[in-house]
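Below you'll find the structure, written out as structure tokens, and then a few comments.
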Amino acid sequence: MHNLSLSEVSAALRAKKFSGPELMTNTLKRLNSIGRNLNLIVDMNEEDALRQAKQADPGKSRHPLNGIPLAHKDMFYRTGRISACGSKILKTVKATSTATVLKRLDRAGAIDTARLSMVEFALGVTGHNDVAKTAHNPWHKDHIPGGSSSGSAAAVSARVIYAALGSDTGGSIRIPACCTGVVGMKPTWGRVSRFAAMPLSASLDTIGPLTRTVRDNALVFETIAGADDNDPTSSRTPVPDCLSSLENGVRGLKIGVPESYFLHGLDREIENMIAHTLQIYQRLGAEIIHVEMPPDMAKTNALNSLIIATEGAALHAKWMKTRGNDYGPQTFARLLTGTLTPATRYLEALDLRHGILAQFADNVFSRVDAMIAPVLKTPTPTLKDTDFGDKPGFSDLVRDLGFATRPFNYLGLPALSMPAGLTENGLPTGFQLIGRPFNEDMLYRMGRAYERETGYCDMDPG
């Protein structure tokens with residue numbers, strides 16, 4: 001049953017092909033064996049998860065998540081439970097409130113089974129964690145799983161859990177999804193409530209699902225999205241019915257190809273992957289149109305990093321003074337740069353994005369339904385080759401790995417990361433589709449057409 005997707009296991013559970021306790025027992029066994037072997041598990045909720053599985057009655061619930069085991073990045077607070085956020089500083093602190101996204105999954109009947117590994121305070125794109133566990137990539141333990149939602153992506157990829165929540169401030173859902181061969185959605189900023197989720201950058205943080213298939217992703221997204229009175233930044237824009245249009249295909253739709261920035265300096269294998277992906281979309285009936293990027297697009301990577309460091313430093317200022325030795329070296333170094341940002345520069349970085357977004361929308365969304373871009377410049381690198389810590393070169397590494405993801409955090413746009421086969425090193429690769437604000441349903445529709453044609457969602461690390 002572990003090889004079934006979330007939607008498939010939900011249907012099988014309702015058809016009584018196995019019981020809820022059987023499903024949960026199998027899931028807990030894989031979490032305890034494969035999950036722990038890959039350093040994906042921070043803590044498990046076995047006794048309560050089994051109790052919930054025995055009490056759940058999927059046959060009486062209309063929600064497909066009822067009775068389904070899930071696990072999440074260790075940054076979503078639950079009252080009375082520890083969420084360490086990949087750190088030493090919070091490893092004994094119990095939460096006093098429960099995240100809205102967890103409450104919404106609870107109401108749907110999903111069962112929260114475990115807290116999953118992550119980069120310290122979600123500040124890293126490779127997956128390294130110098131103060132807690134570094135999660136491994138299930139395709140090859142020597143390669144990065146991506147960060148910061150490393151445990152979430154790897155757990156879904158390794159078939160130990162059916163879906164997991166992550167967060168994305170500069171690529172932290174899409175990069176792990178690309179490295180491990182799963183589907184990852186970074187929603188529009190404000191689409192999903194961030195109440196009682198660990199903050200990093202209030203201007204940029206988003207929460208989204210990592211899953212094996214596009215349908216699974218849309219299902220979890222619809223469950224967690226929507227306005228929340230506890231989060232004043234959450235949008236009241238109605239959440240679309242993503243599943244109703246999922247199988248409509250791409251015939252007649254227009255996909256933009258950026259003429260600058262995103263396709264420059266790519267490794268040959270990534271260039272070929274993008275070209276092949278465009279051929280598939282063209283064969284499926286989509287029109288491919290080249291679009292110009294705003295002149296300042298290249299600046300958005302650095303502007304996004306500046307905002308993260310500055311807002312992160314403000315959040316961590318007290319701990320940096322009193323518990324500086326409890327941070328990993330790279331985390332502390334990145335936060336430290338934020339303490340040096342002049343207020344005028346920070347405000348300028350926030351203000352510039354309105355103009356760049358307007359230009360981007362005029363250049364791109366006036367002509368196409370979505371744009372394609374890579375996630376990484378290169379095939380998935382090794383842990384050893386990216387283990388810079390705070391040594392010289394770490395800032396260049398961070399900048400290069402997030403070159404294609406941070407711009408869309410900066411602009412607040414939705415972006416869907418899709419698996420696109422394997423590179424010569426035997427590791428997954430992928431691309432992202434970027435849409436208009438609050439147009440996640442269009443991205444899911446496009447992603448599903450590609451998934452249906454290629455079958456890459458069935459890739460299994462074994």
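Residue numbering restarts at 1 in every chain; chains get A, B, ... in the order shown in the structure tokens, and ligands count up from 1 in that same order.
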
With only C-alpha atoms counted and 10 Å as the cut-off, give the residues of region 388-448 of chain A in contact with region 149-172 of chain A, each with its shortest interatomic distance in Å and the pair that gives it, as JSON lines.
{"residue": "A:Leu401", "atom": "CA", "partner": "A:Gly171", "partner_atom": "CA", "distance": 9.0}
{"residue": "A:Gly402", "atom": "CA", "partner": "A:Gly171", "partner_atom": "CA", "distance": 6.3}
{"residue": "A:Phe403", "atom": "CA", "partner": "A:Gly170", "partner_atom": "CA", "distance": 9.2}
{"residue": "A:Ala404", "atom": "CA", "partner": "A:Gly171", "partner_atom": "CA", "distance": 8.4}
{"residue": "A:Thr405", "atom": "CA", "partner": "A:Gly171", "partner_atom": "CA", "distance": 5.0}
{"residue": "A:Arg406", "atom": "CA", "partner": "A:Gly170", "partner_atom": "CA", "distance": 4.4}
{"residue": "A:Pro407", "atom": "CA", "partner": "A:Gly170", "partner_atom": "CA", "distance": 7.9}
{"residue": "A:Phe408", "atom": "CA", "partner": "A:Gly170", "partner_atom": "CA", "distance": 8.1}
{"residue": "A:Asn409", "atom": "CA", "partner": "A:Gly170", "partner_atom": "CA", "distance": 5.8}
{"residue": "A:Tyr410", "atom": "CA", "partner": "A:Gly170", "partner_atom": "CA", "distance": 8.1}
{"residue": "A:Gly412", "atom": "CA", "partner": "A:Thr169", "partner_atom": "CA", "distance": 9.8}
{"residue": "A:Ala415", "atom": "CA", "partner": "A:Gly171", "partner_atom": "CA", "distance": 9.7}
{"residue": "A:Ser417", "atom": "CA", "partner": "A:Gly171", "partner_atom": "CA", "distance": 9.9}

Distance table requested - region 238-306 of chain A against region 181-191 of chain A, cut-off 12 Å, only C-alpha atoms: one row per qualifying residue with the closest atom pair and its distance in Å to one decimal, ordered by chain and rising residue number, as a Markdown table.
| residue | atom | partner | partner_atom | distance |
| --- | --- | --- | --- | --- |
| A:Pro238 | CA | A:Arg191 | CA | 9.3 |
| A:Val239 | CA | A:Arg191 | CA | 8.1 |
| A:Pro240 | CA | A:Arg191 | CA | 11.0 |

Subject >> Every residue of region 149-286 of chain A that DSSP places in alpha helix (DSSP H), as an NGL selection string >> reply: :A and (150-157 or 174-180 or 214-224 or 268-283)

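Taking the backbone of this structure through DSSP, the residues of region 369-450 of chain A that come out as strand (DSSP E) are Ala370, Met371, Ile372, Ala373, Pro374, Ala415, Leu416, Ser417, Met418, Pro419, Ala420, Gly421, Leu422, Pro428, Thr429, Gly430, Phe431, Gln432, Leu433, Ile434 and Gly435 of chain A.
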
Saved selection, atoms kept: C-alpha atoms, as a compact mmCIF listing (two decimals), in the first residue's frame:
# COMPACT_ATOMS: atom_id res chain seq x y z
CA ALA A 370 2.04 30.63 -17.29
CA MET A 371 5.82 30.72 -17.62
CA ILE A 372 8.34 27.90 -17.40
CA ALA A 373 11.71 28.11 -15.61
CA PRO A 374 14.26 25.66 -14.21
CA ALA A 415 5.05 28.35 -8.64
CA LEU A 416 4.62 24.60 -9.10
CA SER A 417 7.73 22.38 -9.15
CA MET A 418 7.33 19.30 -11.34
CA PRO A 419 9.58 16.19 -11.60
CA ALA A 420 11.09 15.83 -15.08
CA GLY A 421 13.03 12.57 -15.09
CA LEU A 422 16.60 11.78 -14.08
CA PRO A 428 15.78 13.57 -10.21
CA THR A 429 15.53 16.97 -11.83
CA GLY A 430 12.58 19.25 -12.45
CA PHE A 431 11.17 22.53 -13.70
CA GLN A 432 8.70 25.06 -12.35
CA LEU A 433 5.58 26.64 -13.78
CA ILE A 434 4.85 30.20 -12.64
CA GLY A 435 1.36 31.65 -12.77

**OP:** Name all residues at most 8 Å from region 20-23 of chain A (count only C-alpha atoms; drop same-chain ones fewer than 2 positions away) and give them as number ranges by chain.
**Re:** A: 1, 13, 18, 25-27, 50, 53-54, 56, 67-68

Output of the above residues as a PDB file, in the first residue's frame, restricted to N, CA and C atoms:
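Printed below is again-v8.pdb as written:
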ATOM      1  N   MET A   1       0.815  -1.210   0.000  1.00  0.00           N
ATOM      2  CA  MET A   1       0.000   0.000   0.000  1.00  0.00           C
ATOM      3  C   MET A   1       0.857   1.273   0.000  1.00  0.00           C
ATOM      4  N   LEU A  13      -8.859   2.771   0.816  1.00  0.00           N
ATOM      5  CA  LEU A  13      -9.333   2.737   2.209  1.00  0.00           C
ATOM      6  C   LEU A  13     -10.858   2.779   2.253  1.00  0.00           C
ATOM      7  N   PHE A  18      -8.218  -2.424   2.755  1.00  0.00           N
ATOM      8  CA  PHE A  18      -7.485  -2.606   4.006  1.00  0.00           C
ATOM      9  C   PHE A  18      -8.105  -1.651   5.006  1.00  0.00           C
ATOM     10  N   THR A  25      -0.356   1.192  10.647  1.00  0.00           N
ATOM     11  CA  THR A  25       0.726   0.314  11.099  1.00  0.00           C
ATOM     12  C   THR A  25       1.818   0.220  10.047  1.00  0.00           C
ATOM     13  N   ASN A  26       1.422   0.079   8.792  1.00  0.00           N
ATOM     14  CA  ASN A  26       2.392   0.009   7.706  1.00  0.00           C
ATOM     15  C   ASN A  26       3.176   1.318   7.581  1.00  0.00           C
ATOM     16  N   THR A  27       2.468   2.445   7.710  1.00  0.00           N
ATOM     17  CA  THR A  27       3.123   3.751   7.604  1.00  0.00           C
ATOM     18  C   THR A  27       4.121   3.963   8.737  1.00  0.00           C
ATOM     19  N   LEU A  50      -2.171   5.757  16.019  1.00  0.00           N
ATOM     20  CA  LEU A  50      -2.908   4.486  15.962  1.00  0.00           C
ATOM     21  C   LEU A  50      -4.303   4.620  16.559  1.00  0.00           C
ATOM     22  N   ALA A  53      -6.408   6.320  14.027  1.00  0.00           N
ATOM     23  CA  ALA A  53      -6.696   5.420  12.904  1.00  0.00           C
ATOM     24  C   ALA A  53      -7.817   4.448  13.250  1.00  0.00           C
ATOM     25  N   LYS A  54      -7.852   3.985  14.482  1.00  0.00           N
ATOM     26  CA  LYS A  54      -8.913   3.064  14.910  1.00  0.00           C
ATOM     27  C   LYS A  54     -10.263   3.770  14.993  1.00  0.00           C
ATOM     28  N   ALA A  56     -11.144   6.537  13.206  1.00  0.00           N
ATOM     29  CA  ALA A  56     -11.575   7.123  11.933  1.00  0.00           C
ATOM     30  C   ALA A  56     -12.486   6.155  11.187  1.00  0.00           C
ATOM     31  N   GLY A  67      -8.523   9.774   7.661  1.00  0.00           N
ATOM     32  CA  GLY A  67      -7.837   8.521   7.967  1.00  0.00           C
ATOM     33  C   GLY A  67      -6.485   8.356   7.310  1.00  0.00           C
ATOM     34  N   ILE A  68      -6.018   9.368   6.558  1.00  0.00           N
ATOM     35  CA  ILE A  68      -4.750   9.255   5.820  1.00  0.00           C
ATOM     36  C   ILE A  68      -3.588   9.742   6.685  1.00  0.00           C
TER      37      ILE A  68
END

Original post:
Excluding same-chain residues fewer than 3 positions from Asn230 (chain A), what lies within 12 Å of it counting only C-alpha atoms, as a ChimeraX atom specification?
Top reply: /A:97-101,192-197,226-227,233-235

Could you turn the residues from that selection into a file that holds N, CA and C atoms, as a compact mmCIF listing (two decimals), in the first residue's frame?
# COMPACT_ATOMS: atom_id res chain seq x y z
N SER A 97 -0.02 27.30 20.84
CA SER A 97 -1.11 27.40 19.89
C SER A 97 -0.89 26.38 18.78
N THR A 98 -1.93 26.15 17.99
CA THR A 98 -1.87 25.17 16.91
C THR A 98 -1.99 25.88 15.57
N ALA A 99 -1.13 25.51 14.63
CA ALA A 99 -1.12 26.14 13.31
C ALA A 99 -2.45 25.95 12.60
N THR A 100 -2.89 26.97 11.92
CA THR A 100 -4.15 26.89 11.17
C THR A 100 -4.11 25.77 10.14
N VAL A 101 -2.97 25.59 9.47
CA VAL A 101 -2.89 24.53 8.46
C VAL A 101 -3.07 23.15 9.09
N VAL A 192 -2.24 30.93 1.82
CA VAL A 192 -2.34 29.96 2.92
C VAL A 192 -1.94 30.65 4.22
N SER A 193 -2.75 30.47 5.25
CA SER A 193 -2.48 31.10 6.55
C SER A 193 -1.15 30.61 7.13
N ARG A 194 -0.42 31.54 7.73
CA ARG A 194 0.85 31.20 8.38
C ARG A 194 0.73 31.26 9.90
N PHE A 195 -0.49 31.35 10.41
CA PHE A 195 -0.66 31.44 11.85
C PHE A 195 -0.08 30.20 12.54
N ALA A 196 0.72 30.43 13.58
CA ALA A 196 1.34 29.39 14.40
C ALA A 196 2.26 28.47 13.59
N ALA A 197 2.81 29.02 12.52
CA ALA A 197 3.92 28.36 11.82
C ALA A 197 5.17 29.22 12.07
N GLY A 226 -6.96 29.46 2.04
CA GLY A 226 -8.11 30.29 2.37
C GLY A 226 -7.85 31.25 3.50
N ALA A 227 -8.72 32.22 3.62
CA ALA A 227 -8.58 33.29 4.61
C ALA A 227 -8.62 32.75 6.04
N THR A 233 -2.59 38.75 7.14
CA THR A 233 -2.01 38.81 5.80
C THR A 233 -2.63 37.79 4.86
N SER A 234 -3.47 36.90 5.38
CA SER A 234 -4.07 35.89 4.51
C SER A 234 -5.13 36.54 3.63
N SER A 235 -5.18 36.10 2.38
CA SER A 235 -6.07 36.71 1.39
C SER A 235 -7.48 36.14 1.47

Each residue of region 188-246 of chain A with at least one atom at most 12 Å from region 339-353 of chain A should appear once, together with its nearest atom pair and the corresponding distance in Å (one decimal); atoms considered: only C-alpha atoms; ordering: chain, then increasing residue number; output as CSV.
residue,atom,partner,partner_atom,distance
A:Ser201,CA,A:Leu350,CA,11.9
A:Ala202,CA,A:Leu350,CA,11.5
A:Ser203,CA,A:Leu350,CA,8.3
A:Leu204,CA,A:Leu350,CA,10.3

Original post:
Which neighbours of Ser245 (chain A) fall inside 12 Å, counting only C-alpha atoms, when residues of the same chain fewer than 5 positions from it are skipped, and could you give them as a PyMOL selection string?
Top reply: chain A and resi 215+218+240+250+440-449

Subject >> Surrounding residues of Asp112 (chain A) excluding itself and chain neighbours under 6 positions, 7 Å, only C-alpha atoms, as a PyMOL selection string >> reply: chain A and resi 49+69-71

Original post:
A:Pro379, A:Gly355, A:Gly256, A:Gly109: which is nearest Pro294 (chain A), counting only C-alpha atoms?
Top reply: A:Gly355

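Distances here use only C-alpha atoms; by that measure, the residue among A:Ala361, A:Thr126, A:Ile308, A:Leu200 closest to Phe394 (chain A) is A:Thr126.
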
Subject >> Proximity to Asp57 (chain A) - best of A:Arg14, A:Ala135, A:Val291, A:Ala84, only C-alpha atoms >> reply: A:Arg14

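Of the listed residues A:Gly35, A:Pro64, A:Gly312, A:Gly252, the one whose atoms come nearest to Asn137 (chain A) is A:Gly35, with distances taken using only C-alpha atoms.
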
Using only C-alpha atoms, which residues of region 88-167 of chain A come within 10 Å of region 314-333 of chain A, and what is the closest atom pair for each, with the distance in Å to one decimal? Give it as a Markdown table, sorted by chain and residue number.
| residue | atom | partner | partner_atom | distance |
| --- | --- | --- | --- | --- |
| A:Lys88 | CA | A:Asp326 | CA | 6.1 |
| A:Ile89 | CA | A:Asp326 | CA | 6.5 |
| A:Val119 | CA | A:Thr331 | CA | 9.2 |
| A:Glu120 | CA | A:Thr331 | CA | 7.1 |
| A:Phe121 | CA | A:Thr331 | CA | 8.0 |
| A:Ala122 | CA | A:Thr331 | CA | 9.1 |
| A:Leu123 | CA | A:Thr331 | CA | 6.3 |
| A:Gly124 | CA | A:Thr331 | CA | 7.6 |
| A:His128 | CA | A:Gln330 | CA | 9.7 |
| A:Asn129 | CA | A:Gly328 | CA | 7.4 |
| A:Asp130 | CA | A:Gly328 | CA | 5.2 |
| A:Val131 | CA | A:Gly328 | CA | 5.7 |
| A:Ala132 | CA | A:Gly328 | CA | 9.2 |

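Using only C-alpha atoms, the nearest neighbour of Leu31 (chain A) within the list A:Asn66, A:Ser305, A:Thr113, A:Ser10 is A:Thr113.
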
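With only C-alpha atoms as the atoms that count, the minimum distance from Ala286 (chain A) to the choices A:His143, A:Lys254, A:Arg236, A:Lys103 is reached by A:Lys254.
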
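For the pair CA of Val42 (chain A) and CA of Leu102 (chain A), the separation is 17.3 Å.
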